[in-house]
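Okay, work_20.txt is below, compact mmCIF, C-alpha atoms:
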```
# COMPACT_ATOMS: atom_id res chain seq x y z
CA MET A 1 23.74 -13.96 -23.71
CA GLY A 2 21.01 -13.77 -21.06
CA ASP A 3 20.46 -11.13 -18.43
CA PRO A 4 22.50 -12.11 -15.33
CA LEU A 5 20.18 -10.24 -12.95
CA TRP A 6 17.13 -11.98 -14.41
CA THR A 7 18.85 -15.36 -14.17
CA ARG A 8 19.93 -14.79 -10.58
CA THR A 9 16.45 -13.58 -9.61
CA GLU A 10 14.84 -16.53 -11.36
CA GLN A 11 17.13 -18.97 -9.54
CA LEU A 12 16.40 -17.31 -6.20
CA PHE A 13 12.61 -17.44 -6.51
CA ALA A 14 12.65 -20.92 -8.09
CA ASP A 15 14.77 -22.21 -5.21
CA TYR A 16 12.39 -20.77 -2.62
CA LEU A 17 9.14 -21.77 -4.32
CA GLN A 18 10.35 -25.30 -5.06
CA PHE A 19 11.31 -25.57 -1.40
CA CYS A 20 7.80 -24.48 -0.39
CA ALA A 21 6.10 -26.81 -2.89
CA ARG A 22 7.90 -29.91 -1.65
CA ASP A 23 5.87 -32.82 -0.32
CA PRO A 24 4.84 -32.40 3.32
CA GLY A 25 7.26 -34.07 5.70
CA THR A 26 10.25 -33.92 3.36
CA ASN A 27 13.28 -31.75 3.98
CA GLY A 28 13.72 -30.35 0.51
CA LEU A 29 17.00 -29.45 -1.11
CA PRO A 30 19.41 -27.11 0.67
CA PRO A 31 19.49 -23.51 -0.62
CA ARG A 32 21.78 -23.04 -3.63
CA THR A 33 22.94 -19.50 -2.85
CA PRO A 34 23.40 -17.25 0.19
CA GLU A 35 20.43 -15.11 -0.86
CA ALA A 36 18.27 -18.24 -1.15
CA ALA A 37 19.21 -19.24 2.39
CA LEU A 38 18.47 -15.72 3.61
CA LEU A 39 15.11 -15.60 1.81
CA ARG A 40 14.09 -18.88 3.46
CA THR A 41 15.10 -17.55 6.87
CA ALA A 42 13.38 -14.18 6.41
CA ALA A 43 10.20 -15.86 5.15
CA GLN A 44 10.24 -18.24 8.10
CA GLU A 45 10.50 -15.28 10.49
CA LEU A 46 7.64 -13.52 8.73
CA LEU A 47 5.52 -16.67 8.95
CA ARG A 48 6.39 -17.05 12.61
CA GLY A 49 5.05 -13.59 13.36
CA HIS A 50 2.07 -13.55 10.99
CA GLY A 51 1.31 -17.20 10.28
CA ARG A 52 -2.42 -16.78 10.78
CA TYR A 53 -2.58 -14.20 8.00
CA PHE A 54 -0.63 -16.36 5.56
CA ALA A 55 -2.55 -19.53 6.50
CA ARG A 56 -5.64 -18.31 4.66
CA TYR A 57 -3.76 -18.72 1.37
CA ARG A 58 -2.91 -22.40 1.88
CA ASP A 59 -4.85 -24.84 -0.28
CA TYR A 60 -6.09 -22.03 -2.53
CA GLY A 61 -8.19 -23.65 -5.24
CA GLY A 62 -8.11 -20.92 -7.87
CA ASN A 63 -5.44 -19.58 -10.18
CA ARG A 64 -2.44 -19.11 -7.88
CA ALA A 65 -0.38 -17.04 -10.32
CA GLU A 66 -3.28 -14.65 -10.93
CA LEU A 67 -3.88 -14.27 -7.19
CA LEU A 68 -0.18 -13.58 -6.66
CA GLU A 69 -0.32 -10.87 -9.33
CA MET A 70 -3.29 -9.19 -7.61
CA LEU A 71 -1.54 -9.36 -4.24
CA ALA A 72 1.65 -8.00 -5.79
CA ASP A 73 -0.27 -5.06 -7.27
CA ALA A 74 -1.56 -4.23 -3.79
CA ILE A 75 1.71 -4.79 -1.90
CA VAL A 76 4.15 -3.32 -4.44
CA PRO A 77 2.17 -1.02 -6.74
CA ASP A 78 3.95 0.45 -9.75
CA ASP A 79 4.01 3.93 -8.22
CA CYS A 80 5.64 2.68 -5.01
CA LYS A 81 9.25 1.72 -4.47
CA PRO A 82 9.68 -1.81 -3.19
CA THR A 83 11.43 -2.65 0.05
CA TRP A 84 13.21 -5.83 0.97
CA LEU A 85 10.40 -6.58 3.40
CA ARG A 86 7.84 -6.32 0.60
CA VAL A 87 9.98 -8.62 -1.54
CA VAL A 88 10.08 -11.16 1.30
CA THR A 89 6.33 -10.74 1.89
CA LEU A 90 5.51 -11.45 -1.77
CA ALA A 91 7.84 -14.45 -1.88
CA THR A 92 6.28 -15.75 1.34
CA LEU A 93 2.78 -15.36 -0.08
CA ALA A 94 3.82 -17.19 -3.25
CA GLY A 95 5.39 -19.97 -1.21
CA THR A 96 2.30 -20.24 0.97
CA LEU A 97 0.09 -20.59 -2.10
CA LEU A 98 2.20 -23.58 -3.17
CA GLU A 99 2.30 -25.31 0.23
CA HIS A 100 0.23 -28.44 0.84
CA PRO A 101 -0.81 -28.91 -2.78
CA GLY A 102 -3.45 -31.47 -1.77
CA SER A 103 -5.45 -32.69 -4.75
CA SER A 104 -3.86 -30.21 -7.16
CA GLY A 105 -1.36 -32.72 -8.45
CA ARG A 106 2.37 -32.32 -8.86
CA GLU A 107 2.16 -31.17 -12.50
CA LYS A 108 -0.20 -28.30 -11.68
CA VAL A 109 1.96 -27.22 -8.74
CA ALA A 110 5.10 -27.33 -10.91
CA ARG A 111 3.36 -25.27 -13.62
CA ASP A 112 2.10 -22.75 -11.05
CA CYS A 113 5.59 -22.56 -9.56
CA ARG A 114 7.07 -21.66 -12.97
CA ARG A 115 4.36 -19.06 -13.59
CA MET A 116 4.86 -17.47 -10.19
CA VAL A 117 8.63 -17.33 -10.66
CA ALA A 118 8.10 -15.63 -14.03
CA ARG A 119 5.71 -13.08 -12.51
CA LEU A 120 8.00 -12.30 -9.57
CA CYS A 121 10.94 -11.86 -11.96
CA ALA A 122 8.87 -9.63 -14.25
CA ARG A 123 7.89 -7.47 -11.29
CA PHE A 124 11.29 -7.06 -9.68
CA VAL A 125 13.67 -7.30 -12.65
CA GLY A 126 11.23 -5.81 -15.14
CA ARG A 127 9.19 -3.11 -13.42
CA HIS A 128 11.47 -2.40 -10.45
CA ARG A 129 14.87 -3.11 -11.95
CA ALA A 130 16.25 0.37 -11.21
CA TRP A 131 15.35 -0.04 -7.54
CA LEU A 132 16.84 -3.53 -7.39
CA GLU A 133 20.09 -2.35 -8.97
CA ALA A 134 20.23 0.72 -6.69
CA GLN A 135 20.00 -1.60 -3.69
CA GLY A 136 22.98 -3.63 -4.92
CA ASP A 137 20.74 -6.38 -6.35
CA TRP A 138 20.73 -9.62 -4.34
CA ASP A 139 24.09 -8.86 -2.74
CA GLY A 140 22.38 -5.79 -1.29
CA PHE A 141 19.59 -8.04 -0.02
CA CYS A 142 22.14 -10.12 1.88
CA GLN A 143 23.93 -7.01 3.11
CA SER A 144 20.74 -5.36 4.35
CA PHE A 145 20.01 -8.29 6.62
CA SER A 146 23.58 -8.68 7.85
CA ASP A 147 23.70 -5.06 9.08
CA PRO A 148 20.76 -5.01 11.46
CA LEU A 149 18.79 -1.82 11.74
CA PRO A 150 17.05 -0.70 14.93
CA MET A 151 13.85 -2.54 15.84
CA SER A 152 11.81 0.64 15.39
CA TYR A 153 12.78 0.67 11.71
CA TRP A 154 11.63 -2.92 11.17
CA ARG A 155 8.42 -2.42 13.16
CA GLY A 156 7.49 0.50 10.92
CA TRP A 157 8.12 -1.41 7.71
CA LEU A 158 6.46 -4.53 9.06
CA ALA A 159 3.37 -2.56 10.05
CA GLN A 160 3.24 -0.92 6.62
CA SER A 161 3.64 -4.25 4.82
CA PHE A 162 1.07 -5.92 7.02
CA VAL A 163 -1.46 -3.15 6.34
CA SER A 164 -0.76 -3.60 2.62
CA CYS A 165 -1.46 -7.33 2.96
CA ILE A 166 -4.72 -6.68 4.79
CA LEU A 167 -5.73 -4.17 2.12
CA ALA A 168 -4.95 -6.74 -0.57
CA THR A 169 -7.09 -9.31 1.23
CA VAL A 170 -10.02 -6.89 1.47
CA LEU A 171 -9.73 -5.99 -2.22
CA ILE A 172 -9.64 -9.65 -3.23
CA TYR A 173 -12.63 -10.39 -1.00
CA LEU A 174 -14.62 -7.54 -2.53
CA TRP A 175 -13.55 -8.57 -6.03
CA SER A 176 -14.74 -12.13 -5.40
CA ARG A 177 -18.11 -10.82 -4.15
CA VAL A 178 -18.57 -8.63 -7.22
CA TYR A 179 -17.48 -11.48 -9.47
CA ARG A 180 -20.04 -13.84 -7.89
CA PHE A 181 -22.75 -11.20 -8.10
CA CYS A 182 -22.09 -10.48 -11.78
CA TYR A 183 -21.66 -14.06 -12.91
```
Translate this structure into structure tokens?
Amino acid sequence: MGDPLWTRTEQLFADYLQFCARDPGTNGLPPRTPEAALLRTAAQELLRGHGRYFARYRDYGGNRAELLEMLADAIVPDDCKPTWLRVVTLATLAGTLLEHPGSSGREKVARDCRRMVARLCARFVGRHRAWLEAQGDWDGFCQSFSDPLPMSYWRGWLAQSFVSCILATVLIYLWSRVYRFCY
């Protein structure tokens, strides 16, 4: 029998990423679970506040799954405990990478979607499983957003996550410069 936490996590990220990868102008399927609905809402709020940052990842022409892995290493390093905001930030980045597929073709987008779901699951159910279980898994995710914390708490976490995203962008930029220089 499979791992229920892995299955639930896989369904959550697949639901969100398939929603993001839909054809422009279509509504997409409704969320299948409460946590999927909450993830869509939280990601939408994050995009509303920081859309210009995320916009740079639309129409990315390279390997989306590899870029997501590099961003994940910067946002949720192995020696750092995740937060729900970091989980939402990574999911939002993954969804943004899949938006507006352009000339990529549906097959490539579907393949990238599966790869990104697998990498997100490996990160949160594999590497950070103890943290996820300590938070009450995805029920804890729903609970954490239904019991609002003071704005000062969210501002602090948002600032920390945003700085992590900027750092990831700088590292990727520098990596691309070194890569071009060497090859």
What does the distance between CA of Asp78 (chain A) and CA of His128 (chain A) come to in Å, to one decimal place?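 Computed distance, CA of Asp78 (chain A) to CA of His128 (chain A), equals 8.1 Å.
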Pick the closest to Gly61 (chain A) from A:Leu158, A:Ala110, A:Ile166, A:Leu98: which is it, counting all atoms listed in the file?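 Residue with the minimum atom-to-atom distance to Gly61 (chain A): A:Leu98.
Note that the spacing between CA of Thr92 (chain A) and CA of Leu47 (chain A) amounts to 7.7 Å.
Between Cys142 (chain A) and the residues A:Val117, A:Ala42, A:Ala14, A:Ala168, the shortest atom-to-atom distance, using only C-alpha atoms, involves A:Ala42.
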Please indicate the distance in Å from CA of Gly28 (chain A) to CA of Glu10 (chain A), rounded to one decimal place.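 Between CA of Gly28 (chain A) and CA of Glu10 (chain A) the gap works out to 18.3 Å.
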Kindly provide the residues of region 27-102 of chain A that approach region 119-127 of chain A to within 10 Å, each paired with its closest atom pair and their distance in Å to one decimal, based on all atoms listed in the file, listed by chain and increasing number, as CSV.
```
residue,atom,partner,partner_atom,distance
A:Ala65,CA,A:Arg119,CA,7.6
A:Glu66,CA,A:Arg119,CA,9.3
A:Leu68,CA,A:Arg119,CA,8.3
A:Glu69,CA,A:Arg119,CA,7.2
A:Ala72,CA,A:Arg123,CA,8.3
A:Asp73,CA,A:Arg123,CA,9.4
A:Val76,CA,A:Arg123,CA,8.8
A:Pro77,CA,A:Arg123,CA,9.7
A:Asp78,CA,A:Arg127,CA,7.3
A:Pro82,CA,A:Phe124,CA,8.5
A:Val87,CA,A:Phe124,CA,8.4
A:Leu90,CA,A:Leu120,CA,8.2
A:Ala91,CA,A:Leu120,CA,8.0
A:Ala94,CA,A:Leu120,CA,9.0
```
Taking all atoms of region 38-42 of chain A that the file lists, what box with edges along x, y and z, padded by 3 Å per side, do you get, with centre and edge lengths in Å to one decimal, as JSON?
```
{"center_x": 15.9, "center_y": -16.5, "center_z": 4.3, "size_x": 11.1, "size_y": 10.7, "size_z": 11.1}
```
List the neighbours of Arg32 (chain A) out to 12 Å using only C-alpha atoms; skip same-chain residues closer than 5 positions along the sequence, and give me the result as a PDB file with C-alpha atoms, in the coordinates of the input.
```
ATOM      1  CA  ARG A   8      19.930 -14.790 -10.580  1.00  0.00           C
ATOM      2  CA  GLN A  11      17.130 -18.970  -9.540  1.00  0.00           C
ATOM      3  CA  LEU A  12      16.400 -17.310  -6.200  1.00  0.00           C
ATOM      4  CA  PHE A  13      12.610 -17.440  -6.510  1.00  0.00           C
ATOM      5  CA  ALA A  14      12.650 -20.920  -8.090  1.00  0.00           C
ATOM      6  CA  ASP A  15      14.770 -22.210  -5.210  1.00  0.00           C
ATOM      7  CA  TYR A  16      12.390 -20.770  -2.620  1.00  0.00           C
ATOM      8  CA  GLN A  18      10.350 -25.300  -5.060  1.00  0.00           C
ATOM      9  CA  PHE A  19      11.310 -25.570  -1.400  1.00  0.00           C
ATOM     10  CA  ALA A  37      19.210 -19.240   2.390  1.00  0.00           C
ATOM     11  CA  LEU A  38      18.470 -15.720   3.610  1.00  0.00           C
ATOM     12  CA  LEU A  39      15.110 -15.600   1.810  1.00  0.00           C
ATOM     13  CA  ARG A  40      14.090 -18.880   3.460  1.00  0.00           C
TER      14      ARG A  40
END
```
When you count all atoms listed in the file, which of these residues is closest to Thr169 (chain A): A:Cys20, A:Gly25, A:Tyr60, A:Leu67? A:Leu67
Please determine, counting only C-alpha atoms, which residue among A:Arg22, A:Arg155, A:Arg64, A:Lys108 has the shortest atom-to-atom distance to Leu85 (chain A). A:Arg155
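Closest approach to Asp23 (chain A) among A:Trp175, A:Ala159, A:Glu99, A:Cys182 is made by A:Glu99 (distances from only C-alpha atoms).
Minimum atom-to-atom distance to Gln143 (chain A), evaluated using all atoms listed in the file, belongs to A:Trp84 out of A:Pro24, A:Ile75, A:Ala55, A:Trp84.
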